[in-house]
Amino acid sequence: MMDVENVKPFVSAFETVMPQLGFTTVVAKEVTQSTHLELDGVIIIVGLVGSVKGSVVYCMDLESAKRIVSVMMMGMPVDTLDEMAKSAISELANMLTANSATTLSRMGRTVDISVPALIEGMDVDIALSNDEVYRSVVSVDDIFIEIYVALS
């Protein structure tokens, strides 16, 4: 059974990582339970193994992904989600998840993370291996990113 406390490191990672990339305002919404993931846009999935096992899924719409990449690239305009932009948004997921893994390790939970997998599409149905999935929405400079955490 997953403890909702395991979600907090993933939300707080945004407060640590995003300002380092040039974002100024990070606001996290409350954590809710989610049962079915049917997502639209840019979806990044990162697996976790160790004493904590599961997945974290980051989801945002295409325009939000392009805005994030533009800030990460020092304001360079991003018109399409090309290979470089996909690499940048995947690296963001990697940085956020690594930060979360570090926090979890401070809590006595050893965690290794997988290479991020990026999916782009509409009505993407994702089945995670854990029945308990927690969802939070983080607003980063008014760009909304959904976080789904399923750990055991």
# chains A, B, ... in the order shown; residues from 1 in each chain; ligands from 1
>>> residues_around(residues="Ser152 in chain A", least_positions_apart="6", cutoff="12 Å", atoms="only C-alpha atoms", output="ChimeraX atom specification")
/A:1-7,47-56,109,111,128-134
>>> atom_distance(atom1="CA of Thr110 in chain A", atom2="CA of Ala98 in chain A")
11.8 Å
>>> closest_residue(among="A:Met107, A:Val149, A:Val26, A:Leu39", to="Asp125 in chain A", atoms="only C-alpha atoms")
A:Leu39
>>> closest_residue(among="A:Ser87, A:Gln20, A:Thr32, A:Ser136", to="Lys66 in chain A", atoms="only C-alpha atoms")
A:Ser87
>>> select_by_dssp(residues="range 13-91 of chain A", states="helix (DSSP H, G or I)", output="ChimeraX atom specification")
/A:13-20,62-72,83-91
>>> write_last_selection(atoms="N, CA and C atoms", output="short mmCIF file (atom, residue, chain, number, x, y, z; two decimals), in the first residue's frame")
data_model
loop_
_atom_site.label_atom_id
_atom_site.label_comp_id
_atom_site.auth_asym_id
_atom_site.auth_seq_id
_atom_site.Cartn_x
_atom_site.Cartn_y
_atom_site.Cartn_z
N ALA A 13 10.19 18.59 -5.55
CA ALA A 13 11.29 18.66 -6.53
C ALA A 13 11.08 19.84 -7.48
N PHE A 14 9.84 20.14 -7.82
CA PHE A 14 9.56 21.28 -8.69
C PHE A 14 10.01 22.59 -8.03
N GLU A 15 9.81 22.69 -6.71
CA GLU A 15 10.19 23.91 -5.99
C GLU A 15 11.70 24.08 -5.95
N THR A 16 12.44 22.98 -6.03
CA THR A 16 13.90 23.03 -6.01
C THR A 16 14.48 23.20 -7.41
N VAL A 17 14.02 22.40 -8.36
CA VAL A 17 14.62 22.34 -9.69
C VAL A 17 14.20 23.50 -10.59
N MET A 18 12.93 23.82 -10.62
CA MET A 18 12.45 24.80 -11.61
C MET A 18 13.08 26.19 -11.45
N PRO A 19 13.25 26.72 -10.24
CA PRO A 19 13.92 28.02 -10.13
C PRO A 19 15.36 28.00 -10.65
N GLN A 20 16.03 26.85 -10.56
CA GLN A 20 17.39 26.74 -11.09
C GLN A 20 17.42 26.87 -12.61
N LEU A 62 1.08 20.20 -25.30
CA LEU A 62 2.19 20.48 -26.22
C LEU A 62 2.69 21.91 -26.08
N GLU A 63 1.80 22.88 -25.99
CA GLU A 63 2.22 24.28 -25.86
C GLU A 63 2.99 24.51 -24.57
N SER A 64 2.56 23.87 -23.50
CA SER A 64 3.28 23.99 -22.22
C SER A 64 4.67 23.40 -22.33
N ALA A 65 4.79 22.25 -22.98
CA ALA A 65 6.11 21.64 -23.17
C ALA A 65 7.04 22.57 -23.94
N LYS A 66 6.51 23.21 -25.00
CA LYS A 66 7.34 24.13 -25.80
C LYS A 66 7.74 25.35 -24.98
N ARG A 67 6.84 25.85 -24.13
CA ARG A 67 7.18 27.00 -23.28
C ARG A 67 8.27 26.63 -22.28
N ILE A 68 8.17 25.44 -21.70
CA ILE A 68 9.18 25.00 -20.74
C ILE A 68 10.54 24.87 -21.41
N VAL A 69 10.56 24.24 -22.58
CA VAL A 69 11.83 24.07 -23.29
C VAL A 69 12.41 25.42 -23.67
N SER A 70 11.58 26.37 -24.05
CA SER A 70 12.07 27.70 -24.40
C SER A 70 12.79 28.35 -23.22
N VAL A 71 12.20 28.24 -22.02
CA VAL A 71 12.86 28.80 -20.83
C VAL A 71 14.16 28.04 -20.55
N MET A 72 14.13 26.71 -20.68
CA MET A 72 15.34 25.92 -20.45
C MET A 72 16.45 26.30 -21.42
N GLU A 83 13.55 16.81 -31.91
CA GLU A 83 14.35 15.90 -31.09
C GLU A 83 15.09 16.62 -29.96
N MET A 84 15.60 17.82 -30.23
CA MET A 84 16.30 18.56 -29.18
C MET A 84 15.32 18.96 -28.08
N ALA A 85 14.12 19.41 -28.44
CA ALA A 85 13.12 19.79 -27.45
C ALA A 85 12.67 18.58 -26.63
N LYS A 86 12.49 17.44 -27.30
CA LYS A 86 12.10 16.21 -26.58
C LYS A 86 13.20 15.79 -25.61
N SER A 87 14.44 15.94 -26.03
CA SER A 87 15.56 15.61 -25.17
C SER A 87 15.57 16.52 -23.94
N ALA A 88 15.30 17.81 -24.15
CA ALA A 88 15.29 18.76 -23.04
C ALA A 88 14.17 18.46 -22.04
N ILE A 89 12.98 18.17 -22.53
CA ILE A 89 11.86 17.91 -21.63
C ILE A 89 12.05 16.58 -20.90
N SER A 90 12.69 15.61 -21.58
CA SER A 90 13.02 14.35 -20.92
C SER A 90 14.07 14.57 -19.83
N GLU A 91 15.04 15.42 -20.11
CA GLU A 91 16.06 15.73 -19.11
C GLU A 91 15.45 16.43 -17.91
#
>>> atom_distance(atom1="CA of Met73 in chain A", atom2="CA of Lys29 in chain A")
26.7 Å
>>> closest_residue(among="A:Leu104, A:Val78, A:Leu21, A:Val137", to="Leu151 in chain A", atoms="only C-alpha atoms")
A:Leu104
>>> residues_around(residues="Phe144 in chain A", least_positions_apart="2", cutoff="10 Å", atoms="only C-alpha atoms", output="PyMOL selection string")
chain A and resi 26-28+59-61+64-65+137-142+146-147
>>> atom_distance(atom1="CA of Leu81 in chain A", atom2="CA of Pro116 in chain A")
16.1 Å
>>> select_by_dssp(residues="range 10-146 of chain A", states="strand (DSSP E)", output="VMD selection string")
chain A and resid 26 to 28 32 to 34 37 to 50 54 to 60 111 to 113 117 to 126 133 to 140 143 to 146
>>> closest_residue(among="A:Met76, A:Ala150, A:Ile143, A:Val31", to="Ile45 in chain A", atoms="only C-alpha atoms")
A:Ala150
>>> decode(residues="range 2-26 of chain A", atoms="N, CA and C atoms", output="short mmCIF file (atom, residue, chain, number, x, y, z; two decimals), in the first residue's frame")
data_model
loop_
_atom_site.label_atom_id
_atom_site.label_comp_id
_atom_site.auth_asym_id
_atom_site.auth_seq_id
_atom_site.Cartn_x
_atom_site.Cartn_y
_atom_site.Cartn_z
N MET A 2 0.55 2.17 -0.85
CA MET A 2 1.36 3.38 -1.00
C MET A 2 0.95 4.44 0.02
N ASP A 3 1.93 5.10 0.55
CA ASP A 3 1.71 6.19 1.49
C ASP A 3 1.72 7.50 0.71
N VAL A 4 0.73 8.34 0.94
CA VAL A 4 0.65 9.63 0.24
C VAL A 4 1.89 10.48 0.51
N GLU A 5 2.60 10.19 1.61
CA GLU A 5 3.83 10.93 1.93
C GLU A 5 4.89 10.72 0.86
N ASN A 6 4.82 9.59 0.14
CA ASN A 6 5.78 9.34 -0.94
C ASN A 6 5.62 10.29 -2.11
N VAL A 7 4.51 10.99 -2.18
CA VAL A 7 4.25 11.92 -3.28
C VAL A 7 4.94 13.26 -3.04
N LYS A 8 5.07 13.64 -1.80
CA LYS A 8 5.62 14.96 -1.47
C LYS A 8 7.00 15.23 -2.08
N PRO A 9 7.92 14.26 -2.10
CA PRO A 9 9.22 14.54 -2.73
C PRO A 9 9.11 14.90 -4.21
N PHE A 10 8.13 14.34 -4.90
CA PHE A 10 7.97 14.62 -6.33
C PHE A 10 7.42 16.02 -6.56
N VAL A 11 6.54 16.45 -5.68
CA VAL A 11 6.00 17.81 -5.78
C VAL A 11 7.06 18.83 -5.36
N SER A 12 7.76 18.55 -4.27
CA SER A 12 8.76 19.52 -3.79
C SER A 12 9.96 19.62 -4.74
N ALA A 13 10.19 18.59 -5.55
CA ALA A 13 11.29 18.66 -6.53
C ALA A 13 11.08 19.84 -7.48
N PHE A 14 9.84 20.14 -7.82
CA PHE A 14 9.56 21.28 -8.69
C PHE A 14 10.01 22.59 -8.03
N GLU A 15 9.81 22.69 -6.71
CA GLU A 15 10.19 23.91 -5.99
C GLU A 15 11.70 24.08 -5.95
N THR A 16 12.44 22.98 -6.03
CA THR A 16 13.90 23.03 -6.01
C THR A 16 14.48 23.20 -7.41
N VAL A 17 14.02 22.40 -8.36
CA VAL A 17 14.62 22.34 -9.69
C VAL A 17 14.20 23.50 -10.59
N MET A 18 12.93 23.82 -10.62
CA MET A 18 12.45 24.80 -11.61
C MET A 18 13.08 26.19 -11.45
N PRO A 19 13.25 26.72 -10.24
CA PRO A 19 13.92 28.02 -10.13
C PRO A 19 15.36 28.00 -10.65
N GLN A 20 16.03 26.85 -10.56
CA GLN A 20 17.39 26.74 -11.09
C GLN A 20 17.42 26.87 -12.61
N LEU A 21 16.28 26.62 -13.25
CA LEU A 21 16.19 26.68 -14.71
C LEU A 21 15.65 28.01 -15.22
N GLY A 22 15.31 28.91 -14.31
CA GLY A 22 14.84 30.23 -14.72
C GLY A 22 13.36 30.49 -14.50
N PHE A 23 12.65 29.57 -13.88
CA PHE A 23 11.25 29.78 -13.57
C PHE A 23 11.15 30.48 -12.22
N THR A 24 10.10 31.28 -12.04
CA THR A 24 10.02 32.07 -10.81
C THR A 24 8.94 31.62 -9.83
N THR A 25 7.80 31.16 -10.33
CA THR A 25 6.68 30.85 -9.45
C THR A 25 6.28 29.39 -9.60
N VAL A 26 6.34 28.65 -8.50
CA VAL A 26 5.93 27.25 -8.48
C VAL A 26 4.84 27.10 -7.43
#
